[in-house]
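Peer 1: Structure incoming, see below.
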Amino acid sequence: MERGNFVVISLLIVFITSWNVYAQSIIEIKGNVTDSETKKPLSSATVVLSPIDRPSILGYGITNNEGAYQVKFNPKHDSLQLKVSYLGYKTLEKKILAKSQDLNISLEPVSEALEEVFLRRPPITQRGDTLIFDPAAFKSGKDRSIQDVLKKMPGIDISTEGEIQYQGKPINKFYVEGLDLMGGQYGMISNNLSADKVSSVEILENHQPIKVLDSIEPSENAAINIRLKNNITMTGNATVGGGAAPGLWYANLVPMVFIKNLQVLTSYQTNNTGEDLNRGFRRFSVRSFRFGQSSDRRQDWLSTAGVSAPSFASKRWLDNTSHAGSINLLYKDKKEIEYNLKTSYHNDFRERQGGVKTTYTLPEGEFIIDDRTEQHTQAEKWEASLSIERNEKENFLRNQLDFSKQWDGAFARIVQNQEPQQHRLHNPLSNISNNFERIFSLGKQLVTLNSNIGYNESPQELAITPGVFENILSNDQPIDRLEQKVFHKRFFANHSLTLTKSLGKLNFDIRPGFNYATQSMDSHMILDNDPLTGNDYQNDMRWRQMTGFVRINTRYRTDNLDVSLHMPLEWNNYEIEDKLNNTKTTESPFTLNPSLWARYKFASYWQTSVNGSYSKNYGPIDNLYYGYLLSNFRSLNRRDVPISSMSSYSGGWGLEYRNPLTTWFGRIGYSYRKSDNSQITSTKTLPDGSTVLEFIERNNTSDSHSFNGSASKLVSAISTTFTYNTNYTISESDMFLNEVFYKNKSETWSNSLKLSTDFTRWLTAEFTGSLSQRTNKTALRPDTKITTQNHEFGLYVYPADGHTISLSGEWLQTKLSNEVREDFFGDFMYRFTFSEKEIDVEFSVINIFDKDMYRDLSVGDYTLSESYFVLRPRQFLVTLRVPL
Amino acid sequence: MKVLKSAWLLLFCVLPVVSLTQEGYITEYEVQYEVEFSMLKNDLDFKQTEVLYLYTSPQASVFVNESFDSDQANNWDSFFPLKVYKNFDNGKVIAIEDLANKNYAYKEPNVPLVWRMLEDSKEISGYKVQKAATSFAGREYIAWFSTDIPIADGPYVFHGLPGLIVELYDTEKHFYFSLISVVRMEETIDWEIGKIEKVSKKRFKEVKEKINSWEGMYFDSLGENSNVTFVDENGNEVSATEFRREMQEFQENLNQIELE
């Protein structure tokens, strides 16, 4: 070793002393590198000299802050390749002679500087409160829409309805390039936007959609922003198809355009293949307003006999003929005002067939009722809404005007212990509402002005042939046709003013306001074309509620800690007027319903939260009426008691962990709820299954404890995402059945495991399994334990480019003591893609085994039911999907 | 011949440098490196990984263990607490580390690095890269750089090649840096060094060692008359002195990137 060093040192000495001898072969190239336009020197430019034929480097230099470089080396070649590069400039390459020379170089700037280089793009990156997912890391061959890819991202869950959740909480906005075109109906975009057009998916954690409130009102929910690859994106898809047994059609046309300031989505969908079109139009809880509320919910007073639908995919059971169309337009002008117009029309006809054998366990003994039902429903709805929004840092303004009209109806035929019966229902609705909100600063305070006004009316009608409840309604005389009519109208006007004050980390908002609502309900029954007289069988009710309130919210927030306390103080005035009996009841209670929520973040990946609340609420008043109302063929209801009150206490704790580097996400939580009611439902069930519901004054309590946990992890090495969820709930409540009190207890434990994996390039597999157990305990009958299992798997094989074969299956089992119901369904699909244009041709067989019926078992508080549901037969379908 | 070439490079590289101009670190690009490293001397097969960030421009660069956008001031869990500030105008490299809540800074004496160009070339994710070698703080390093990305920078103190360093590892592969991404940031970042205590590198190492043992002393002082109990990695209760010794052993067992 020493000897080696010695050799090196002596060589160095020889080399330095014999400089002149070696200098012959050493050349020096030097000069300056400048900008060709400004002539300014460029520092840190690289100058590389290589042999002509090889990329290896003979010598190099980096310019100093005066733009000068110098390269000395022994060339051994006659000519050399010179390469001079600088960020944001065109690389200069030229041949030069291998001799010492002064070489000044000027470089030309290029318009596009180096923007991004990804060698190994990490699947998830974090920038502050934003997580950026690279869709390419999650996309596999079978995925088409962005939703297919979102599903696989850790932390993200998509419910079967299509609602997107992040860390178990629904997202509050779904943006495309920062614009929210669809509001809550983002399913239209997530289902139809091609994943290939997306450059990245951003999760904006704790996102506050209203900019004025950004640092004032923190949010627990996240938003999703989809970044597109191009400035102008025309996308969407058109799918058309047909099939047999019986004649089937399917069409889904969703073209959309995204330009910088303009986004348009139009859609037309129709099918009779069992796909529920409402899914696409479903509105998820995305609030456009800070305090505004929507009002178009119809109160359904009446219903026909029905068949409850199976819990699995609708394509196996939904017998439908559906049409739906929509136009959605969003334009943002130069003053940052967003105009949003939406209109849609639906027409949906459905048929259901099934039956249920119900065992009623009553204090008097056990009774069995056997029903077979055929139900047709027709839903028709037109909606339009226009909104204007200005969302700036200092000012927020939004006004939205909504109209909707529904023409709904249903027809049912029921055979009940061999007596056929027909039900006919009409329940249309007309609705108009306007919501206005403005947020601005007044001095150092923030003021929110909110006005919410609406009106709706719904005339509802139910006719039952032959009639029921003869013992009460007609002194046991048979009734041919029994009609129940209800006319319900509702008007409301809610106004409030909110003052928000921020003292550093502490924020207060004080919200005085006044709500006014008035409703009327007229009802009467017609027995064989003769109106039934007597105040016991009619209603002419007026309900009025006035609420004056001050709601005080306090919020303390630091980087790691976030605490909020709500203290709503309300004065209510309820007036219940019965015009038939000329009676008027009023009550004016005061309430204070505090609630507290806190979250603490620690050790970079952890956070914990607690919440607690107490509330005492009165009402609702619109279920107080004194004459009987036939809400369906088996229940006659009334509530001739004073206004009810309910106190409830609740609390919860949660712990969350998320580590984007290791791709681990997890949470556990506990929640408790207890409520004390002043009234209890008195159920009188007769051996024929018919029920008379009344209410009596008696304090009663219900409570529940619930534990939940979840963990998910992306294992990059095997491209697999694992998700496990568990929930255990124990609850207790009181029941008053046929004049006897019972305590009902139930225990539910459910578990689910989901994994999706891309084993190899040619095979992808997905599995979702769930197992749940529910035990009901009551003194009425021995404990019942029902176990349900549902296992779904999907296998996707890509035998060659452009070919996809999928096999999917579902196994369901319900077990109740010795009774077991089991079903297995299978589907097959073959898809061929013309790779250049991503046109898919799909051939599918649904319900391969041609199962005609689904059988299930279920348990109620005092009932056990064995049911069946008629499924769609095996069907063959060919569809063509063209990306737009 | 190899010796000759490196000697020339050495001569060339020593030429410029050293003027004490106003330090401004304005950066344009964010470069992410993943580093896979052997954390413990007695278990070199135990590999850890971290993502480290290099913010760079033709004038200066800053190498840190946390993203600039991150809401945390410092990543305490990182194995690479040293921040490296490079000024390409004057060739100075400043290293800063928070030791017991005080920022100590020293000027790295062993720069510029002497790179030997090697003949080998290969492709990494579509980028043609070339091989070069150097030595730093007791380890021999191999770097693969790409002239297609004309940023003469790299992870940690490494820089000065005619292209960005795409891979860098020591010959024993205890520390293996690989490039993840280069992104031009929407806005340039002006890095403020803030309040620092200027020391020599030698002094810095002394201070660091002292603070490590001081922390041990602190635990010592707690030991006898407090409710604090110490638990070793197997969950056994140990005395404060024992604990301190274990801490010390643990510290000594850490496989530091700089050996001298």
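Order determines the names: the first chain of the structure tokens is A, the second B, and so forth; residues in each chain are numbered 1 upward, and ligands are numbered 1 upward as they are shown.
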Determine which residues of range 593-772 of chain A DSSP labels as helix (DSSP H, G or I) from the backbone of this structure, then write them out as a list in words.
Peer 2: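 For range 593-772 of chain A, the helix (DSSP H, G or I) set is Ile621, Asp622, Asn623, Ser716, Ala717 and Ile718 of chain A.
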Peer 1: Deliver the residues from the most recent selection as a file, using N, CA and C atoms, as an mmCIF file, in the first residue's frame.
Peer 2:
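Contents of again_29.cif, as written:
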```cif
data_model
loop_
_atom_site.group_PDB
_atom_site.id
_atom_site.type_symbol
_atom_site.label_atom_id
_atom_site.label_comp_id
_atom_site.auth_asym_id
_atom_site.auth_seq_id
_atom_site.Cartn_x
_atom_site.Cartn_y
_atom_site.Cartn_z
ATOM 1 N N ILE A 621 -93.579 18.733 14.298
ATOM 2 C CA ILE A 621 -95.008 18.949 14.527
ATOM 3 C C ILE A 621 -95.850 18.376 13.399
ATOM 4 N N ASP A 622 -95.225 18.143 12.244
ATOM 5 C CA ASP A 622 -96.067 17.707 11.132
ATOM 6 C C ASP A 622 -96.420 16.221 11.195
ATOM 7 N N ASN A 623 -96.115 15.557 12.307
ATOM 8 C CA ASN A 623 -96.685 14.220 12.461
ATOM 9 C C ASN A 623 -97.778 14.205 13.543
ATOM 10 N N SER A 716 -46.740 -1.699 -2.966
ATOM 11 C CA SER A 716 -46.290 -1.392 -4.324
ATOM 12 C C SER A 716 -45.693 -2.607 -5.019
ATOM 13 N N ALA A 717 -44.933 -3.392 -4.268
ATOM 14 C CA ALA A 717 -44.210 -4.498 -4.884
ATOM 15 C C ALA A 717 -45.141 -5.471 -5.591
ATOM 16 N N ILE A 718 -46.335 -5.696 -5.019
ATOM 17 C CA ILE A 718 -47.269 -6.608 -5.679
ATOM 18 C C ILE A 718 -48.496 -5.854 -6.180
#
```
Peer 1: I'd like the neighbourhood of range 52-57 of chain B as a PyMOL selection string, where a residue qualifies if any of its atoms comes within 9 Å (using only C-alpha atoms), though same-chain residues fewer than 3 positions away should be ignored.
Peer 2: (chain A and resi 44+87) or (chain B and resi 25-35+60-68+80+86+151+153-156+189)
Peer 1: Give one line per residue of chain B that approaches chain A to at most 7 Å, naming the two atoms of the closest pair and their distance in Å to one decimal, counting only C-alpha atoms; sort by chain then ascending residue number and deliver it as CSV.
Peer 2:
```
residue,atom,partner,partner_atom,distance
B:Pro58,CA,A:Ser44,CA,5.3
B:Asp69,CA,A:Gly128,CA,5.0
B:Ser70,CA,A:Gly128,CA,4.4
B:Asp71,CA,A:Gly128,CA,5.6
B:Asp89,CA,A:Asn65,CA,5.1
B:Met117,CA,A:Ile57,CA,6.8
B:Glu119,CA,A:Ser56,CA,5.6
B:Ser125,CA,A:Leu119,CA,5.6
B:Pro150,CA,A:Tyr86,CA,5.6
B:Ala152,CA,A:Ser44,CA,6.9
B:Pro162,CA,A:Thr46,CA,5.1
B:Leu179,CA,A:Leu119,CA,6.8
B:Ile180,CA,A:Arg120,CA,5.0
B:Ser181,CA,A:Phe118,CA,4.4
B:Val182,CA,A:Val117,CA,4.9
B:Val183,CA,A:Glu116,CA,4.4
B:Arg184,CA,A:Glu115,CA,5.0
```
Peer 1: Arg542 in chain A: which residues within 9 Å, counting only C-alpha atoms, same-chain residues fewer than 2 positions away excluded, as number ranges by chain?
Peer 2: A: 518-522, 540, 544, 575-579, 622
Peer 1: For range 361-373 of chain A, work out the shell of residues within 9 Å, counting only C-alpha atoms and skipping chain neighbours fewer than 5 positions away, then give it as a list in words.
Peer 2: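 What passes the distance filter is Ala305, Gly306, Val307, Arg352, Gln353, Gly354, Gly355, Val356, Ala412, Arg413, Ile414, Val415, Gln416, Asn417, Gln418, Thr685, Leu686, Pro687, Asp688, Gly689, Leu737, Asn738, Glu739, Val740, Leu780, Arg781, Tyr862, Thr863 and Leu864 of chain A.
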Peer 1: Restrict the selected residues to C-alpha atoms and save them as a PDB file, in the first residue's frame.
Peer 2:
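Result went into again.pdb, see below:
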```pdb
ATOM      1  CA  ALA A 305     -97.457  -2.633  -1.000  1.00  0.00           C
ATOM      2  CA  GLY A 306     -93.886  -3.166  -2.050  1.00  0.00           C
ATOM      3  CA  VAL A 307     -91.156  -5.695  -2.305  1.00  0.00           C
ATOM      4  CA  ARG A 352     -90.897  -5.808  -9.049  1.00  0.00           C
ATOM      5  CA  GLN A 353     -92.204  -9.198  -8.114  1.00  0.00           C
ATOM      6  CA  GLY A 354     -91.688 -11.096  -4.962  1.00  0.00           C
ATOM      7  CA  GLY A 355     -93.158 -12.426  -1.838  1.00  0.00           C
ATOM      8  CA  VAL A 356     -92.673 -12.594   1.841  1.00  0.00           C
ATOM      9  CA  ALA A 412     -99.410  -2.919  -6.936  1.00  0.00           C
ATOM     10  CA  ARG A 413    -101.200  -6.215  -6.895  1.00  0.00           C
ATOM     11  CA  ILE A 414    -100.944  -8.292  -3.781  1.00  0.00           C
ATOM     12  CA  VAL A 415    -102.129 -11.750  -2.927  1.00  0.00           C
ATOM     13  CA  GLN A 416    -102.344 -12.031   0.801  1.00  0.00           C
ATOM     14  CA  ASN A 417    -103.323 -15.371   2.219  1.00  0.00           C
ATOM     15  CA  GLN A 418    -105.159 -15.978  -1.076  1.00  0.00           C
ATOM     16  CA  THR A 685    -100.742  -5.416  15.316  1.00  0.00           C
ATOM     17  CA  LEU A 686    -103.575  -7.752  14.484  1.00  0.00           C
ATOM     18  CA  PRO A 687    -103.132 -11.382  13.504  1.00  0.00           C
ATOM     19  CA  ASP A 688    -103.647 -10.411   9.841  1.00  0.00           C
ATOM     20  CA  GLY A 689    -100.564  -8.202   9.973  1.00  0.00           C
ATOM     21  CA  LEU A 737     -96.597  -3.636  21.296  1.00  0.00           C
ATOM     22  CA  ASN A 738    -100.224  -4.560  21.803  1.00  0.00           C
ATOM     23  CA  GLU A 739    -100.255  -2.814  25.174  1.00  0.00           C
ATOM     24  CA  VAL A 740     -97.143  -4.557  26.491  1.00  0.00           C
ATOM     25  CA  LEU A 780     -91.145 -11.816  23.218  1.00  0.00           C
ATOM     26  CA  ARG A 781     -89.223 -14.709  21.772  1.00  0.00           C
ATOM     27  CA  TYR A 862     -91.151  -8.763  16.397  1.00  0.00           C
ATOM     28  CA  THR A 863     -91.123 -10.328  12.961  1.00  0.00           C
ATOM     29  CA  LEU A 864     -89.155 -12.973  11.093  1.00  0.00           C
TER      30      LEU A 864
END
```
Peer 1: CA of His323 in chain A and CA of Val240 in chain A are how many Å apart?
Peer 2: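 The value is 13.6 Å.
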Peer 1: Have a look at CA of Ala598 in chain A and CA of Leu561 in chain A and let me know their distance in Å, one decimal.
Peer 2: 7.4 Å
Peer 1: From the list A:Val878, A:Ile52, A:Thr586, A:Thr691, which residue is nearest Trp249 in chain A when using only C-alpha atoms?
Peer 2: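 Once distances to Trp249 in chain A are computed over only C-alpha atoms, the minimum belongs to A:Val878.
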Peer 1: With only C-alpha atoms as the atoms that count, which of B:Ser146, B:Thr171, B:Asn253, B:Gln248 lies nearest to Glu123 in chain B?
Peer 2: B:Ser146
Peer 1: Could you pull out the strand (DSSP E) residues of range 104-221 of chain B from DSSP and send them as a ChimeraX atom specification?
Peer 2: /B:104-107,116-124,127-136,139-146,164-170,175-191,197-198
Peer 1: Counting only C-alpha atoms, what is within 8 Å of Val129 in chain B, bar same-chain residues fewer than 2 positions away, as a list in words?
Peer 2: Ser121, Lys122, Glu123, Ile124, Tyr127, Lys131, Trp144, Phe145, Ser146, Thr147 and Val166 of chain B
Peer 1: Atoms to include: N, CA and C atoms. Write the selected residues as a PDB file, in the first residue's frame.
Peer 2:
```
ATOM      1  N   SER B 121     -21.530   4.020 -19.687  1.00  0.00           N
ATOM      2  CA  SER B 121     -22.792   4.758 -19.794  1.00  0.00           C
ATOM      3  C   SER B 121     -23.923   3.742 -19.814  1.00  0.00           C
ATOM      4  N   LYS B 122     -25.091   4.187 -19.394  1.00  0.00           N
ATOM      5  CA  LYS B 122     -26.272   3.302 -19.426  1.00  0.00           C
ATOM      6  C   LYS B 122     -27.517   4.170 -19.523  1.00  0.00           C
ATOM      7  N   GLU B 123     -28.668   3.526 -19.490  1.00  0.00           N
ATOM      8  CA  GLU B 123     -29.902   4.293 -19.578  1.00  0.00           C
ATOM      9  C   GLU B 123     -30.722   4.062 -18.312  1.00  0.00           C
ATOM     10  N   ILE B 124     -31.245   5.129 -17.720  1.00  0.00           N
ATOM     11  CA  ILE B 124     -32.147   4.989 -16.570  1.00  0.00           C
ATOM     12  C   ILE B 124     -33.437   5.690 -16.952  1.00  0.00           C
ATOM     13  N   TYR B 127     -33.308   8.094 -19.768  1.00  0.00           N
ATOM     14  CA  TYR B 127     -32.262   9.112 -19.755  1.00  0.00           C
ATOM     15  C   TYR B 127     -30.899   8.450 -19.867  1.00  0.00           C
ATOM     16  N   LYS B 131     -21.041   7.661 -16.118  1.00  0.00           N
ATOM     17  CA  LYS B 131     -20.504   7.321 -14.811  1.00  0.00           C
ATOM     18  C   LYS B 131     -19.362   8.257 -14.450  1.00  0.00           C
ATOM     19  N   TRP B 144     -24.017   8.568 -11.388  1.00  0.00           N
ATOM     20  CA  TRP B 144     -24.482   8.463 -12.767  1.00  0.00           C
ATOM     21  C   TRP B 144     -25.233   9.765 -13.040  1.00  0.00           C
ATOM     22  N   PHE B 145     -24.784  10.506 -14.037  1.00  0.00           N
ATOM     23  CA  PHE B 145     -25.411  11.796 -14.305  1.00  0.00           C
ATOM     24  C   PHE B 145     -25.854  11.858 -15.748  1.00  0.00           C
ATOM     25  N   SER B 146     -26.775  12.786 -16.025  1.00  0.00           N
ATOM     26  CA  SER B 146     -27.285  12.914 -17.388  1.00  0.00           C
ATOM     27  C   SER B 146     -27.029  14.314 -17.912  1.00  0.00           C
ATOM     28  N   THR B 147     -26.326  14.403 -19.046  1.00  0.00           N
ATOM     29  CA  THR B 147     -26.087  15.729 -19.650  1.00  0.00           C
ATOM     30  C   THR B 147     -27.376  16.261 -20.272  1.00  0.00           C
ATOM     31  N   VAL B 166     -28.329  11.410 -11.384  1.00  0.00           N
ATOM     32  CA  VAL B 166     -29.541  10.604 -11.417  1.00  0.00           C
ATOM     33  C   VAL B 166     -29.443   9.474 -10.383  1.00  0.00           C
TER      34      VAL B 166
END
```
Peer 1: Return the single residue from B:Lys208, B:Arg116, B:Lys47, B:Lys128 that is closest to Lys173 in chain B, with distances computed using only C-alpha atoms.
Peer 2: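 Among the listed residues, the smallest separation from Lys173 in chain B belongs to B:Lys47.
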Peer 1: To one decimal place in Å, what is the distance between CA of Asp734 in chain A and CA of Phe469 in chain A?
Peer 2: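 Here the two named atoms are 26.9 Å from each other.
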